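Chemist: One structure, pasted below without further comment.
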Amino acid sequence: MENFTNETIDTKQLPRYEEVQLTPLHSKYWLVTLINFSIVFLIIAIALGLFWFNTEEVANYGSYFAIAYGIVLLFSLFLTRIGYKKKAFAFRNHDVIYRSGVIATNTMVIPYNRVQHVALHEGFIARIFGLAKVEIFTAGGNSSDLEIPGIAKEEAENIKQLLMGKIQKQL
């Protein structure tokens, strides 16, 4: 223990993750998001329509429900668009960075030595547009796992290979 040192670190000299140029999600992913969004709101509209046509209050309150539904739909679409615009990622020599959020911006920085498993997923609609989602599972459990959607399938496969290579080097 004679050679033990514990020097202080000047936190102002550390590299800033905010300065990293992040890659936005593929532009086709917005179409995938819109299609999924439309399907969900169409199902809700059908369910509400079935409910409305089975009640006598349709004549009295139907237009109010329709206006409220339209407002909720537009507000949800607005938030979805903001969320899409904020999502971005970067892969560096030692870690991966992913930014997301709607009201507050969340940035996750995961060092490669925490990565345990990598998966590639293609949803039905995303597959039509040639997109995939990279899932990164870490040693920290579900709360520290990461999903990066909206990546071109070929690029997602390259990312998976990169991460699998980093995992193999650790073993």
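Residues in the structure tokens are numbered from 1 in each chain, the chains being A, B, ... in the order shown, and ligands are numbered from 1 in the order shown.
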Near A:Gly141, within 12 Å and counting only C-alpha atoms, which residues show up once chain neighbours fewer than 5 positions away are dropped, as a list in words?
Modeler: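 Within the cut-off, the hits are Arg114, Val115, Gln116, His117, Ile136 and Leu146 of chain A.
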Chemist: Go through stretch 49-129 of chain A residue by residue and, counting only C-alpha atoms, keep those with an atom at most 12 Å from stretch 38-44 of chain A; for each kept residue give the shortest atom pair and its distance in Å to one decimal, ordered by chain and increasing number, as CSV.
Modeler:
residue,atom,partner,partner_atom,distance
A:Gly49,CA,A:Ile44,CA,8.4
A:Leu50,CA,A:Ile44,CA,9.9
A:Phe51,CA,A:Ile44,CA,10.6
A:Ala66,CA,A:Ile44,CA,11.9
A:Tyr69,CA,A:Phe41,CA,9.4
A:Gly70,CA,A:Phe41,CA,10.1
A:Val72,CA,A:Phe41,CA,9.9
A:Leu73,CA,A:Phe41,CA,7.4
A:Leu74,CA,A:Phe41,CA,10.7
A:Ser76,CA,A:Phe41,CA,9.9
A:Leu77,CA,A:Ser38,CA,9.5
A:Thr80,CA,A:Ser38,CA,11.7
A:Ile125,CA,A:Ile39,CA,11.2
Chemist: Considering only C-alpha atoms, can you say which of A:Phe65, A:Tyr29, A:Tyr112, A:Phe129 comes closest to A:Leu162?
Modeler: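 Checking each of A:Phe65, A:Tyr29, A:Tyr112, A:Phe129 against A:Leu162, counting only C-alpha atoms, the winner is A:Tyr112.
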Chemist: In Å, how far is it from atom CA of A:Ile71 to atom CA of A:Ile148?
Modeler: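 Interatomic distance here is 29.6 Å.
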Chemist: Please determine, counting only C-alpha atoms, which residue among A:Phe89, A:Arg127, A:Asn142, A:Asn36 has the shortest atom-to-atom distance to A:Val109.
Modeler: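 The closest residue to A:Val109 is A:Phe89.
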Chemist: Just give me the gap between atom CA of A:Val96 and atom CA of A:Lys28 in Å, one decimal is fine.
Modeler: 22.4 Å
Chemist: Which residues are close to A:Ile128, i.e. within 12 Å by only C-alpha atoms, leaving aside same-chain residues fewer than 4 positions away? Reply as a PyMOL selection string.
Modeler: chain A and resi 28-29+31-32+35+122-124+132+152-153
Chemist: Could the residues in this selection be saved with N, CA and C atoms as a compact mmCIF listing (two decimals), in the first residue's frame?
Modeler:
# COMPACT_ATOMS: atom_id res chain seq x y z
N LYS A 28 -37.04 7.83 -42.39
CA LYS A 28 -38.17 6.93 -42.64
C LYS A 28 -38.81 6.47 -41.33
N TYR A 29 -38.07 6.59 -40.23
CA TYR A 29 -38.64 6.17 -38.95
C TYR A 29 -39.82 7.05 -38.55
N LEU A 31 -42.12 8.02 -40.59
CA LEU A 31 -43.26 7.37 -41.24
C LEU A 31 -43.73 6.15 -40.45
N VAL A 32 -42.77 5.37 -39.97
CA VAL A 32 -43.12 4.19 -39.15
C VAL A 32 -43.86 4.65 -37.90
N ILE A 35 -47.43 5.73 -38.84
CA ILE A 35 -48.30 4.58 -39.13
C ILE A 35 -48.73 3.91 -37.83
N GLU A 122 -36.71 -6.18 -35.79
CA GLU A 122 -37.40 -5.50 -36.87
C GLU A 122 -38.89 -5.68 -36.65
N GLY A 123 -39.60 -4.61 -36.45
CA GLY A 123 -41.05 -4.68 -36.40
C GLY A 123 -41.61 -4.86 -37.79
N PHE A 124 -42.88 -5.23 -37.89
CA PHE A 124 -43.50 -5.49 -39.18
C PHE A 124 -43.45 -4.24 -40.07
N ALA A 132 -34.49 -1.10 -38.47
CA ALA A 132 -34.38 -2.05 -37.36
C ALA A 132 -34.14 -1.29 -36.06
N ALA A 152 -31.21 2.21 -40.17
CA ALA A 152 -31.23 1.40 -41.38
C ALA A 152 -30.71 0.01 -41.04
N LYS A 153 -31.34 -1.03 -41.59
CA LYS A 153 -31.04 -2.40 -41.19
C LYS A 153 -29.56 -2.73 -41.36
Chemist: For a quick check of understanding, using only C-alpha atoms, which of A:Tyr61, A:Pro111, A:Thr8, A:Leu48 has the smallest distance to A:Arg92?
Modeler: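 Going through A:Tyr61, A:Pro111, A:Thr8, A:Leu48 one by one, the smallest distance to A:Arg92 is for A:Pro111.
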Chemist: Report, in Å to a single decimal, how far apart atom CA of A:Lys86 and atom CA of A:Leu131 are.
Modeler: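 Spanning atom CA of A:Leu131 to atom CA of A:Lys86 is a straight-line distance of 18.3 Å.
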